[in-house]
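**Q** So here's start.tsv (TSV, C-alpha atoms).
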```tsv
chain	number	residue	atom	x	y	z
B	94	MET	CA	-3.55	-22.96	-23.49
B	95	ASP	CA	-4.60	-19.53	-22.35
B	96	ALA	CA	-2.89	-16.68	-24.16
B	97	MET	CA	-2.45	-14.93	-20.80
B	98	ILE	CA	0.16	-17.55	-19.84
B	99	VAL	CA	2.73	-15.46	-21.75
B	100	PHE	CA	1.90	-12.43	-19.62
B	101	ASP	CA	1.89	-14.51	-16.42
B	102	LEU	CA	5.28	-16.02	-17.19
B	103	ALA	CA	6.74	-12.59	-17.95
B	104	LEU	CA	5.25	-11.27	-14.69
B	105	ALA	CA	6.66	-14.18	-12.67
B	106	LEU	CA	10.10	-13.73	-14.24
B	107	ALA	CA	9.94	-9.97	-13.58
B	108	LEU	CA	9.10	-10.65	-9.91
B	109	VAL	CA	12.08	-12.97	-9.46
B	110	GLY	CA	14.33	-10.54	-11.35
B	111	LEU	CA	13.14	-7.56	-9.29
B	112	ALA	CA	13.56	-9.47	-6.02
B	113	TRP	CA	17.12	-10.30	-7.04
B	114	ALA	CA	17.79	-6.71	-8.11
B	115	VAL	CA	16.51	-5.35	-4.77
B	116	LEU	CA	18.96	-7.58	-2.90
B	117	ALA	CA	21.89	-7.15	-5.28
B	118	THR	CA	21.75	-3.36	-5.69
B	119	GLU	CA	24.48	-1.54	-3.81
B	120	ASP	CA	22.72	1.86	-3.97
B	121	LEU	CA	20.12	1.91	-1.20
B	122	PHE	CA	17.93	4.52	-2.91
B	123	ALA	CA	17.79	2.41	-6.07
B	124	ALA	CA	16.99	-0.65	-3.92
B	125	VAL	CA	14.03	1.16	-2.32
B	126	VAL	CA	12.68	2.26	-5.72
B	127	LEU	CA	13.08	-1.30	-7.02
B	128	PHE	CA	11.25	-2.56	-3.94
B	129	ILE	CA	8.32	-0.25	-4.70
B	130	VAL	CA	8.23	-1.55	-8.28
B	131	PHE	CA	8.40	-5.09	-6.87
B	132	GLY	CA	5.37	-4.28	-4.68
B	133	LEU	CA	3.39	-2.98	-7.66
B	134	MET	CA	4.24	-6.08	-9.72
B	135	THR	CA	3.25	-8.28	-6.76
B	136	ALA	CA	-0.10	-6.48	-6.65
B	137	LEU	CA	-0.49	-7.21	-10.36
B	138	ALA	CA	0.31	-10.87	-9.66
B	139	TRP	CA	-2.45	-10.98	-7.03
B	140	VAL	CA	-4.86	-9.52	-9.59
B	141	ARG	CA	-3.88	-12.34	-11.97
B	142	LEU	CA	-4.53	-14.83	-9.14
B	143	ALA	CA	-8.07	-13.36	-8.83
B	144	ALA	CA	-7.35	-12.04	-5.32
B	145	PRO	CA	-8.30	-8.35	-5.57
B	146	ASP	CA	-8.37	-7.93	-1.77
B	147	VAL	CA	-4.74	-8.93	-1.45
B	148	ALA	CA	-3.87	-6.88	-4.54
B	149	LEU	CA	-5.41	-3.77	-2.98
B	150	ALA	CA	-3.60	-4.34	0.31
B	151	GLU	CA	-0.30	-5.04	-1.46
B	152	ALA	CA	-0.55	-1.94	-3.65
B	153	ALA	CA	-1.58	0.35	-0.77
B	154	ILE	CA	0.61	-1.07	2.02
B	155	GLY	CA	3.32	-3.12	0.31
B	156	ALA	CA	4.18	-0.65	-2.43
B	157	GLY	CA	2.75	2.68	-1.25
B	158	VAL	CA	3.10	3.11	2.48
B	159	THR	CA	6.10	0.80	2.89
B	160	GLY	CA	7.84	2.67	0.07
B	161	ALA	CA	7.25	5.97	1.85
B	162	LEU	CA	8.48	4.47	5.14
B	163	LEU	CA	11.64	3.13	3.50
B	164	LEU	CA	12.36	6.44	1.76
B	165	THR	CA	11.95	8.44	4.96
B	166	THR	CA	14.12	5.91	6.82
B	167	LEU	CA	16.77	6.32	4.15
B	168	ARG	CA	16.69	10.08	4.60
B	169	ARG	CA	16.90	9.83	8.38
B	170	THR	CA	19.80	7.40	8.34
B	171	ALA	CA	21.73	9.27	5.62
B	172	GLY	CA	25.19	10.06	6.87
B	173	ALA	CA	24.82	7.82	9.90
B	174	ALA	CA	27.84	5.68	10.67
B	175	THR	CA	27.25	2.24	9.22
B	176	PRO	CA	29.62	-0.68	9.59
B	177	GLU	CA	31.63	-1.21	6.42
B	178	VAL	CA	30.81	-4.89	6.31
B	179	THR	CA	27.84	-6.70	7.79
B	180	PRO	CA	29.07	-9.04	10.53
B	181	PRO	CA	29.08	-12.61	9.17
B	182	ALA	CA	26.90	-13.76	12.09
B	183	VAL	CA	24.16	-11.37	10.94
B	184	SER	CA	24.42	-12.41	7.29
B	185	TRP	CA	24.35	-16.10	8.10
B	186	GLY	CA	21.60	-15.67	10.67
B	187	VAL	CA	19.35	-13.78	8.24
B	188	GLY	CA	20.19	-16.30	5.51
B	189	ALA	CA	19.31	-19.24	7.76
B	190	LEU	CA	16.03	-17.61	8.85
B	191	SER	CA	15.04	-16.87	5.24
B	192	LEU	CA	15.90	-20.42	4.26
B	193	ALA	CA	13.83	-21.81	7.14
B	194	VAL	CA	10.81	-19.67	6.17
B	195	THR	CA	11.16	-20.70	2.52
B	196	ALA	CA	11.44	-24.38	3.50
B	197	GLY	CA	8.41	-24.06	5.79
B	198	LEU	CA	6.33	-22.42	3.07
B	199	GLY	CA	7.48	-25.02	0.56
B	200	ALA	CA	6.58	-27.86	2.93
B	201	ALA	CA	3.17	-26.31	3.59
B	202	PHE	CA	2.57	-25.88	-0.14
B	203	LEU	CA	3.68	-29.39	-1.06
B	204	GLY	CA	1.87	-30.92	1.93
B	205	ALA	CA	-1.45	-29.26	1.09
B	206	PRO	CA	-3.94	-31.47	-0.73
B	207	SER	CA	-3.77	-30.57	-4.42
B	208	GLN	CA	-7.16	-32.07	-5.25
B	209	GLY	CA	-10.58	-31.98	-3.73
B	210	PRO	CA	-12.58	-29.15	-2.21
B	211	GLY	CA	-10.85	-26.52	-0.11
B	212	LEU	CA	-12.58	-24.46	2.51
B	213	GLU	CA	-14.73	-22.59	-0.03
B	214	GLY	CA	-17.74	-24.77	0.79
B	215	ALA	CA	-17.51	-24.17	4.53
B	216	ILE	CA	-16.98	-20.44	3.99
B	217	ALA	CA	-19.88	-20.07	1.56
B	218	GLY	CA	-22.15	-22.24	3.73
B	219	ASN	CA	-21.67	-20.01	6.78
B	220	LEU	CA	-21.59	-16.69	4.95
B	221	ALA	CA	-25.22	-15.94	5.84
B	222	ALA	CA	-24.39	-16.17	9.55
B	223	SER	CA	-21.13	-14.22	9.29
B	224	GLY	CA	-22.79	-10.81	9.05
B	225	VAL	CA	-21.07	-9.78	5.81
B	226	GLU	CA	-21.55	-10.80	2.18
B	227	HIS	CA	-17.90	-10.76	1.11
B	228	PRO	CA	-16.15	-14.07	1.89
B	229	VAL	CA	-12.70	-12.49	2.46
B	230	THR	CA	-14.10	-10.08	5.05
B	231	ALA	CA	-16.00	-12.96	6.65
B	232	VAL	CA	-12.73	-14.89	7.03
B	233	LEU	CA	-10.73	-11.89	8.29
B	234	LEU	CA	-13.26	-10.42	10.72
B	235	ASN	CA	-15.29	-13.46	11.74
B	236	TYR	CA	-13.94	-16.97	11.10
B	237	ARG	CA	-10.28	-16.05	11.69
B	238	ALA	CA	-10.74	-12.79	13.57
B	239	TYR	CA	-8.07	-13.78	16.09
B	240	ASP	CA	-5.37	-13.69	13.39
B	241	THR	CA	-6.55	-10.24	12.30
B	242	LEU	CA	-6.48	-8.98	15.89
B	243	MET	CA	-2.84	-10.10	16.07
B	244	GLU	CA	-2.05	-8.12	12.91
B	245	VAL	CA	-3.51	-5.01	14.51
B	246	VAL	CA	-1.40	-5.70	17.62
B	247	VAL	CA	1.74	-5.95	15.45
B	248	LEU	CA	1.10	-2.45	14.05
B	249	PHE	CA	0.50	-1.14	17.56
B	250	ALA	CA	3.76	-2.70	18.78
B	251	ALA	CA	5.60	-1.07	15.85
B	252	VAL	CA	4.44	2.43	16.74
B	253	VAL	CA	5.23	1.84	20.44
B	254	ALA	CA	8.76	0.84	19.43
B	255	VAL	CA	9.20	3.88	17.18
B	256	TRP	CA	7.98	6.31	19.85
B	257	SER	CA	10.31	4.64	22.38
B	258	VAL	CA	13.56	4.84	20.43
B	259	ALA	CA	13.31	7.41	17.63
B	260	GLN	CA	15.02	10.77	17.97
B	261	ALA	CA	14.17	14.01	16.21
B	262	PRO	CA	16.15	14.29	12.95
B	263	GLU	CA	18.91	16.88	12.82
B	264	ALA	CA	17.44	18.64	9.78
B	265	GLU	CA	13.80	18.94	8.92
B	266	THR	CA	12.73	17.82	5.46
B	267	PRO	CA	12.38	20.93	3.31
B	268	ALA	CA	8.79	21.83	2.42
B	269	PRO	CA	7.95	20.47	-1.03
B	270	GLY	CA	6.63	23.76	-2.40
B	271	PRO	CA	3.42	25.39	-3.57
B	272	VAL	CA	2.65	22.97	-6.41
B	273	TYR	CA	2.71	20.10	-3.93
B	274	ALA	CA	0.51	22.04	-1.52
B	275	GLY	CA	-2.01	22.61	-4.30
B	276	PHE	CA	-1.95	18.92	-5.18
B	277	ALA	CA	-2.47	18.02	-1.52
B	278	ARG	CA	-5.51	20.30	-1.37
B	279	LEU	CA	-7.03	18.33	-4.25
B	280	ALA	CA	-5.84	14.89	-3.19
B	281	LEU	CA	-6.60	14.99	0.55
B	282	PRO	CA	-10.42	15.03	0.22
B	283	ALA	CA	-10.27	12.52	-2.64
B	284	ALA	CA	-8.13	10.15	-0.53
B	285	ALA	CA	-10.52	10.55	2.42
B	286	VAL	CA	-13.46	9.54	0.22
B	287	VAL	CA	-11.55	6.56	-1.25
B	288	GLY	CA	-10.46	5.35	2.19
B	289	ALA	CA	-13.96	5.54	3.65
B	290	TYR	CA	-15.37	3.88	0.54
B	291	LEU	CA	-12.89	0.98	0.75
B	292	LEU	CA	-13.86	0.42	4.38
B	293	TRP	CA	-17.59	0.45	3.61
B	294	ALA	CA	-17.21	-1.66	0.45
B	295	GLY	CA	-15.41	-4.38	2.42
B	296	ALA	CA	-18.71	-5.81	3.68
B	297	THR	CA	-19.88	-6.80	0.21
B	298	MET	CA	-16.84	-6.71	-2.12
B	299	PRO	CA	-13.05	-6.41	-2.08
B	300	GLY	CA	-11.92	-3.77	0.39
B	301	GLY	CA	-11.89	-3.47	4.15
B	302	ALA	CA	-10.06	-2.09	7.15
B	303	PHE	CA	-6.47	-2.66	6.01
B	304	GLN	CA	-6.98	-1.24	2.51
B	305	GLY	CA	-9.05	1.70	3.75
B	306	GLY	CA	-6.62	2.30	6.61
B	307	ALA	CA	-3.65	2.29	4.25
B	308	VAL	CA	-5.28	4.87	1.98
B	309	LEU	CA	-6.18	7.06	4.97
B	310	GLY	CA	-2.63	6.56	6.30
B	311	ALA	CA	-1.31	7.77	2.95
B	312	LEU	CA	-3.60	10.78	3.38
B	313	GLY	CA	-1.83	11.41	6.68
B	314	ILE	CA	1.55	11.14	4.94
B	315	LEU	CA	0.41	13.64	2.26
B	316	ALA	CA	-0.77	16.02	4.97
B	317	LEU	CA	2.49	15.67	6.92
B	318	LEU	CA	4.56	16.36	3.79
B	319	ALA	CA	2.42	19.37	2.84
B	320	ARG	CA	2.60	20.67	6.44
B	321	SER	CA	-1.21	20.71	6.43
B	322	TYR	CA	-0.83	18.85	9.70
B	323	VAL	CA	2.09	19.45	12.04
B	324	PRO	CA	2.24	17.03	14.99
B	325	ALA	CA	2.49	18.91	18.27
B	326	PRO	CA	3.29	17.60	21.77
B	327	GLU	CA	-0.23	18.31	22.97
B	328	HIS	CA	-1.59	15.91	20.31
B	329	ARG	CA	0.14	12.97	21.94
B	330	ALA	CA	-2.79	11.88	24.12
B	331	MET	CA	-5.09	11.83	21.10
B	332	ALA	CA	-2.50	9.98	19.04
B	333	ARG	CA	-2.06	7.35	21.75
B	334	ALA	CA	-5.84	6.90	21.89
B	335	ALA	CA	-5.92	6.47	18.10
B	336	PHE	CA	-3.08	3.89	18.16
B	337	ILE	CA	-4.68	1.73	20.86
B	338	ALA	CA	-8.33	2.13	19.80
B	339	GLY	CA	-8.24	-0.58	17.11
B	340	THR	CA	-6.69	-3.23	19.36
B	341	ALA	CA	-8.83	-2.21	22.34
B	342	VAL	CA	-12.20	-2.16	20.57
B	343	PHE	CA	-11.42	-5.38	18.68
B	344	ALA	CA	-10.40	-7.23	21.86
B	345	LEU	CA	-13.26	-5.80	23.94
B	346	VAL	CA	-15.89	-6.80	21.38
B	347	ALA	CA	-14.33	-10.25	21.07
B	348	LEU	CA	-14.43	-10.75	24.83
B	349	ALA	CA	-17.81	-9.10	25.38
B	350	VAL	CA	-19.58	-11.49	23.02
B	351	GLY	CA	-17.90	-14.41	24.80
B	352	PHE	CA	-20.18	-14.49	27.79
B	353	GLY	CA	-22.86	-17.12	28.33
B	354	PRO	CA	-23.05	-19.97	25.86
B	355	ARG	CA	-20.72	-18.31	23.36
B	356	VAL	CA	-16.94	-18.20	23.14
B	357	ALA	CA	-14.81	-15.15	22.43
B	358	PHE	CA	-15.11	-13.88	18.83
B	359	GLU	CA	-18.45	-15.70	18.42
B	360	TYR	CA	-20.63	-12.74	17.40
B	361	PRO	CA	-24.39	-13.23	17.80
B	362	PRO	CA	-25.59	-13.54	14.17
B	363	ALA	CA	-28.10	-10.72	14.53
B	364	LEU	CA	-25.38	-8.34	15.72
B	365	ALA	CA	-22.57	-9.67	13.52
B	366	LYS	CA	-22.72	-6.98	10.84
B	367	PRO	CA	-22.84	-3.95	13.16
B	368	LEU	CA	-20.10	-5.43	15.36
B	369	ILE	CA	-17.86	-6.20	12.37
B	370	LEU	CA	-18.43	-2.72	10.95
B	371	LEU	CA	-17.67	-1.16	14.35
B	372	ILE	CA	-14.41	-3.13	14.61
B	373	GLU	CA	-13.47	-2.33	11.03
B	374	ALA	CA	-14.20	1.38	11.37
B	375	VAL	CA	-12.10	1.75	14.53
B	376	VAL	CA	-9.32	-0.50	13.19
B	377	THR	CA	-9.25	1.57	9.98
B	378	LEU	CA	-8.69	4.77	11.95
B	379	SER	CA	-6.05	3.07	14.11
B	380	ILE	CA	-4.21	1.73	11.08
B	381	ALA	CA	-4.34	5.15	9.40
B	382	ALA	CA	-3.05	6.97	12.49
B	383	THR	CA	-0.37	4.33	13.09
B	384	LEU	CA	0.94	4.35	9.51
B	385	ALA	CA	1.07	8.15	9.43
B	386	ALA	CA	2.84	8.18	12.82
B	387	LEU	CA	5.35	5.58	11.59
B	388	PHE	CA	6.08	7.88	8.64
B	389	PHE	CA	6.52	10.89	10.95
B	390	GLY	CA	8.87	8.55	12.76
B	391	ARG	CA	9.00	9.90	16.31
B	392	GLU	CA	7.03	11.10	19.27
B	393	PRO	CA	6.37	14.84	18.95
B	394	GLU	CA	8.45	16.13	21.83
B	395	PRO	CA	7.81	19.13	24.02
B	396	LEU	CA	10.36	21.87	23.42
B	397	SER	CA	11.54	21.74	27.01
B	398	VAL	CA	12.98	18.25	26.49
B	399	GLU	CA	15.49	19.62	23.98
B	400	ALA	CA	16.54	22.30	26.44
B	401	ARG	CA	17.41	19.75	29.13
B	402	PRO	CA	21.14	19.06	29.62
V	191	MET	CA	-13.68	-9.19	-34.32
V	192	SER	CA	-16.48	-6.72	-33.78
V	193	GLY	CA	-16.26	-3.08	-34.75
V	194	LEU	CA	-15.94	-1.99	-31.13
V	195	GLU	CA	-13.08	-4.42	-30.50
V	196	ALA	CA	-11.30	-3.15	-33.58
V	197	LEU	CA	-11.71	0.43	-32.37
V	198	ALA	CA	-10.43	-0.50	-28.90
V	199	LEU	CA	-7.42	-2.17	-30.47
V	200	ALA	CA	-6.83	0.84	-32.73
V	201	LEU	CA	-6.64	3.01	-29.59
V	202	MET	CA	-4.62	0.66	-27.39
V	203	VAL	CA	-1.87	-0.31	-29.83
V	204	PRO	CA	-0.68	3.31	-30.37
V	205	GLY	CA	-0.96	3.70	-26.58
V	206	THR	CA	1.58	0.94	-26.03
V	207	VAL	CA	3.81	2.50	-28.71
V	208	PHE	CA	3.86	5.75	-26.68
V	209	PHE	CA	4.72	3.83	-23.50
V	210	VAL	CA	7.59	2.07	-25.27
V	211	ALA	CA	8.78	5.41	-26.67
V	212	GLY	CA	8.67	6.99	-23.21
V	213	THR	CA	10.61	4.06	-21.73
V	214	VAL	CA	13.25	4.21	-24.48
V	215	GLY	CA	13.54	7.95	-23.83
V	216	MET	CA	14.03	7.35	-20.12
V	217	LEU	CA	16.75	4.81	-20.79
V	218	ARG	CA	18.53	6.75	-23.56
V	219	PHE	CA	18.32	10.45	-22.69
V	220	PRO	CA	21.39	11.92	-21.02
V	221	ASP	CA	20.08	13.84	-17.96
V	222	ALA	CA	17.22	13.84	-15.49
V	223	VAL	CA	15.22	16.69	-17.03
V	224	SER	CA	15.30	15.20	-20.55
V	225	ARG	CA	14.26	11.84	-19.15
V	226	LEU	CA	11.35	13.48	-17.34
V	227	HIS	CA	10.38	15.17	-20.59
V	228	ALA	CA	10.25	11.83	-22.40
V	229	LEU	CA	8.39	10.03	-19.62
V	230	THR	CA	5.72	12.56	-18.77
V	231	LYS	CA	4.66	13.43	-22.30
V	232	ALA	CA	4.73	9.98	-23.84
V	233	ASP	CA	3.30	8.05	-20.88
V	234	GLY	CA	0.51	10.57	-20.36
V	235	LEU	CA	-0.68	10.19	-23.93
V	236	GLY	CA	-0.14	6.41	-23.80
V	237	LEU	CA	-2.26	6.10	-20.66
V	238	VAL	CA	-5.12	8.15	-22.13
V	239	LEU	CA	-5.09	6.07	-25.33
V	240	ILE	CA	-5.06	2.74	-23.46
V	241	ALA	CA	-7.77	3.91	-21.06
V	242	ALA	CA	-9.88	5.09	-24.00
V	243	GLY	CA	-9.42	1.70	-25.66
V	244	ALA	CA	-10.37	-0.08	-22.43
V	245	ALA	CA	-13.46	2.13	-22.07
V	246	VAL	CA	-14.55	1.29	-25.62
V	247	ALA	CA	-13.94	-2.42	-25.01
V	248	ALA	CA	-15.83	-2.38	-21.69
V	249	GLY	CA	-18.80	-0.62	-23.30
V	250	SER	CA	-20.20	0.59	-19.99
V	251	ALA	CA	-20.60	4.18	-18.85
V	252	GLY	CA	-19.63	3.32	-15.24
V	253	VAL	CA	-16.34	1.73	-16.27
V	254	ALA	CA	-15.64	4.62	-18.67
V	255	LEU	CA	-16.20	7.13	-15.86
V	256	ARG	CA	-13.80	5.23	-13.59
V	257	LEU	CA	-11.20	5.19	-16.36
V	258	VAL	CA	-11.58	8.97	-16.83
V	259	LEU	CA	-11.05	9.39	-13.06
V	260	ILE	CA	-7.95	7.18	-13.23
V	261	CYS	CA	-6.57	9.29	-16.10
V	262	VAL	CA	-7.18	12.53	-14.21
V	263	LEU	CA	-5.62	11.24	-10.96
V	264	VAL	CA	-2.61	9.64	-12.66
V	265	GLY	CA	-2.19	12.81	-14.74
V	266	LEU	CA	-2.17	14.97	-11.61
V	267	ALA	CA	0.13	12.66	-9.66
V	268	GLY	CA	2.47	12.21	-12.64
V	269	ALA	CA	2.72	15.95	-13.23
V	270	LEU	CA	3.38	16.51	-9.53
V	271	GLY	CA	6.05	13.80	-9.39
V	272	ALA	CA	7.79	15.23	-12.45
V	273	HIS	CA	7.62	18.71	-10.96
V	274	LEU	CA	9.13	17.57	-7.65
V	275	ILE	CA	11.98	15.73	-9.39
V	276	ALA	CA	12.68	18.71	-11.66
V	277	ARG	CA	12.61	21.02	-8.63
V	278	LEU	CA	15.13	18.82	-6.85
V	279	VAL	CA	17.37	18.78	-9.94
V	280	ARG	CA	17.25	22.57	-10.32
V	281	SER	CA	17.99	23.16	-6.65
V	282	GLY	CA	21.23	21.25	-7.17
V	283	GLY	CA	20.17	17.89	-5.79
V	284	GLU	CA	20.87	14.57	-7.39
V	285	GLY	CA	21.08	14.91	-11.19
```
Go ahead and render the structure in this file as structure tokens.
**A**
Amino acid sequence: MDAMIVFDLALALALVGLAWAVLATEDLFAAVVLFIVFGLMTALAWVRLAAPDVALAEAAIGAGVTGALLLTTLRRTAGAATPEVTPPAVSWGVGALSLAVTAGLGAAFLGAPSQGPGLEGAIAGNLAASGVEHPVTAVLLNYRAYDTLMEVVVLFAAVVAVWSVAQAPEAETPAPGPVYAGFARLALPAAAVVGAYLLWAGATMPGGAFQGGAVLGALGILALLARSYVPAPEHRAMARAAFIAGTAVFALVALAVGFGPRVAFEYPPALAKPLILLIEAVVTLSIAATLAALFFGREPEPLSVEARP
Amino acid sequence: MSGLEALALALMVPGTVFFVAGTVGMLRFPDAVSRLHALTKADGLGLVLIAAGAAVAAGSAGVALRLVLICVLVGLAGALGAHLIARLVRSGGEG
């Protein structure tokens, strides 16, 4: 027996314990912090499962950006009137949905063949034609590109919803001070390099658009907090273009290659790598802009709107 | 066990001791600033010791350079986080 089984068991127990603690904690701030810890432990679990791509995405998006989004949501909803008790219909509805998802996942897991080859053979056999050397990127951007397009659409829908409903907060977050500004000056260029590197590395090793986009989105959050970037109403057109660019370029490329004998998403092998890199680069920027905009949490409004009766 | 492995172990074991000490301090100390004191000092040293042990065990200059980068970045981010929490405490925020 592998000695690491002790570590894995402790990690699995910690995950279950943290998940329970997140749900059971009354204090919302503590629950958010526990959720961030849960995300980091989940990333560690993905590392143990030899899935560094998922680990990177989980650490950057699941723990990092989602944590920042939850904390800013907490701040914005502080003092808002909340019902004393959750209506039973909501509790039972959420419970039933969670149970259904769990049952579905369990059925899928138990129904999957436990022996024999998986899809590794098919993936490795077609890797040469996929345009990239990293099997995970080949699956995400080539074999199952449709699923990935839908993920980009989900992010786009989220930012559309936020811009449609969110109001300006009553009090601005106080500036975090000169030490933070100095840190941001150091960290912003470093984060830009890391984000671009993750995107580029995705063709041959773990990395890619979502991981790179999350790091660049975190860069946007750093810049927003440090006031290095202050969203202004006249930036809205550019922001809209950045939000839609990922979905638009992805869908256009998918359709454009679909003429003639090919179907949509069937890249010509000779062009596969440049097309995938084009999609990934634009999707990375879209994800970064969208995540930073979600953190900012509203459409930057012209001043005249506030003056209206 | 080779000499390098022994050296790596000799660095990493004290590193974990510092992490445990920092965690005990965070759980036992009475107020936010004391807890920060325990965490930042002990964990910083613990991280450097464990990273040094990992660099020795890896035996490659590239990995060692990455570990140095990790130490510098975590050191910066940790110091900043501690500073922000302490600033909030002093300005009369949550203790």
**Q** Using only C-alpha atoms and a cut-off of 10 Å, which residues of chain B sit close to chain V? Please list them as a ChimeraX atom specification.
**A** /B:269-270,272-273,275-276,279-280,283
**Q** I'd like the interatomic distance between CA of Thr159 in chain B and CA of Asp221 in chain V, to a tenth of an Å.
**A**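 These two atoms are separated by 28.3 Å.
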**Q** I'd like the neighbourhood of Ile240 in chain V as a PyMOL selection string, where a residue qualifies if any of its atoms comes within 8 Å (using only C-alpha atoms), though same-chain residues fewer than 4 positions away should be ignored.
**A** chain V and resi 201-203+205-206+236+244
**Q** Which residues come within 10 Å of Ala289 in chain B, counting all atoms listed in the file, excluding same-chain residues fewer than 5 positions away, as an mmCIF file with C-alpha atoms, keeping the file's coordinate frame?
**A**
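Writing the result to around21.cif gives the following:
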```
data_model
loop_
_atom_site.group_PDB
_atom_site.id
_atom_site.type_symbol
_atom_site.label_atom_id
_atom_site.label_comp_id
_atom_site.auth_asym_id
_atom_site.auth_seq_id
_atom_site.Cartn_x
_atom_site.Cartn_y
_atom_site.Cartn_z
ATOM 1 C CA ALA B 284 -8.130 10.150 -0.530
ATOM 2 C CA ALA B 294 -17.210 -1.660 0.450
ATOM 3 C CA GLY B 301 -11.890 -3.470 4.150
ATOM 4 C CA ALA B 302 -10.060 -2.090 7.150
ATOM 5 C CA GLN B 304 -6.980 -1.240 2.510
ATOM 6 C CA GLY B 305 -9.050 1.700 3.750
ATOM 7 C CA GLY B 306 -6.620 2.300 6.610
ATOM 8 C CA VAL B 308 -5.280 4.870 1.980
ATOM 9 C CA LEU B 309 -6.180 7.060 4.970
ATOM 10 C CA ALA B 374 -14.200 1.380 11.370
ATOM 11 C CA THR B 377 -9.250 1.570 9.980
ATOM 12 C CA LEU B 378 -8.690 4.770 11.950
#
```
**Q** What would the list of residues within 10 Å of (4.9, 8.3, 11.2) (file frame) look like as JSON, numbers by chain, if all atoms listed in the file are what count?
**A** {"B": [161, 162, 165, 252, 255, 256, 310, 313, 314, 317, 324, 381, 382, 383, 384, 385, 386, 387, 388, 389, 390, 391, 392]}
**Q** Grab the CA of Gly288 in chain B to CA of Pro361 in chain B distance for me, in Å with one decimal place.
**A** 28.0 Å
**Q** As an exercise, work out the distance from CA of Met243 in chain B to CA of Gly339 in chain B in Å and give it to one decimal place.
**A** 11.0 Å
**Q** Counting all atoms listed in the file, which residue out of V:Leu239, V:Ala248, V:Leu226, V:Ala272 sits closest to Ala200 in chain V?
**A**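 Counting all atoms listed in the file, the residue closest to Ala200 in chain V is V:Leu239.
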**Q** Determine, counting all atoms listed in the file, which protein, DNA and RNA residues have an atom within 12 Å of an atom of Ala242 in chain V; residues of the same chain fewer than 2 positions away are not included. Present the result as a PyMOL selection string.
**A** chain V and resi 194-195+197-205+235-240+244-251+253-261
**Q** Write out as a VMD selection string which residues come within 8 Å of Phe128 in chain B when counting all atoms listed in the file, dropping same-chain ones fewer than 6 positions away.
**A** chain B and resid 111 to 112 115 156 160
**Q** Nearest to Arg280 in chain V among V:Val223, V:Thr213, V:Gly243, V:Gly234, with distances taken over all atoms listed in the file: which residue is it?
**A** V:Val223
**Q** Which residue, B:Leu203, B:Ala193, B:Val125, B:Ala250, has the smallest gap to Thr166 in chain B when you use all atoms listed in the file?
**A**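 Answer, going by the shortest atom-to-atom distance: B:Val125.
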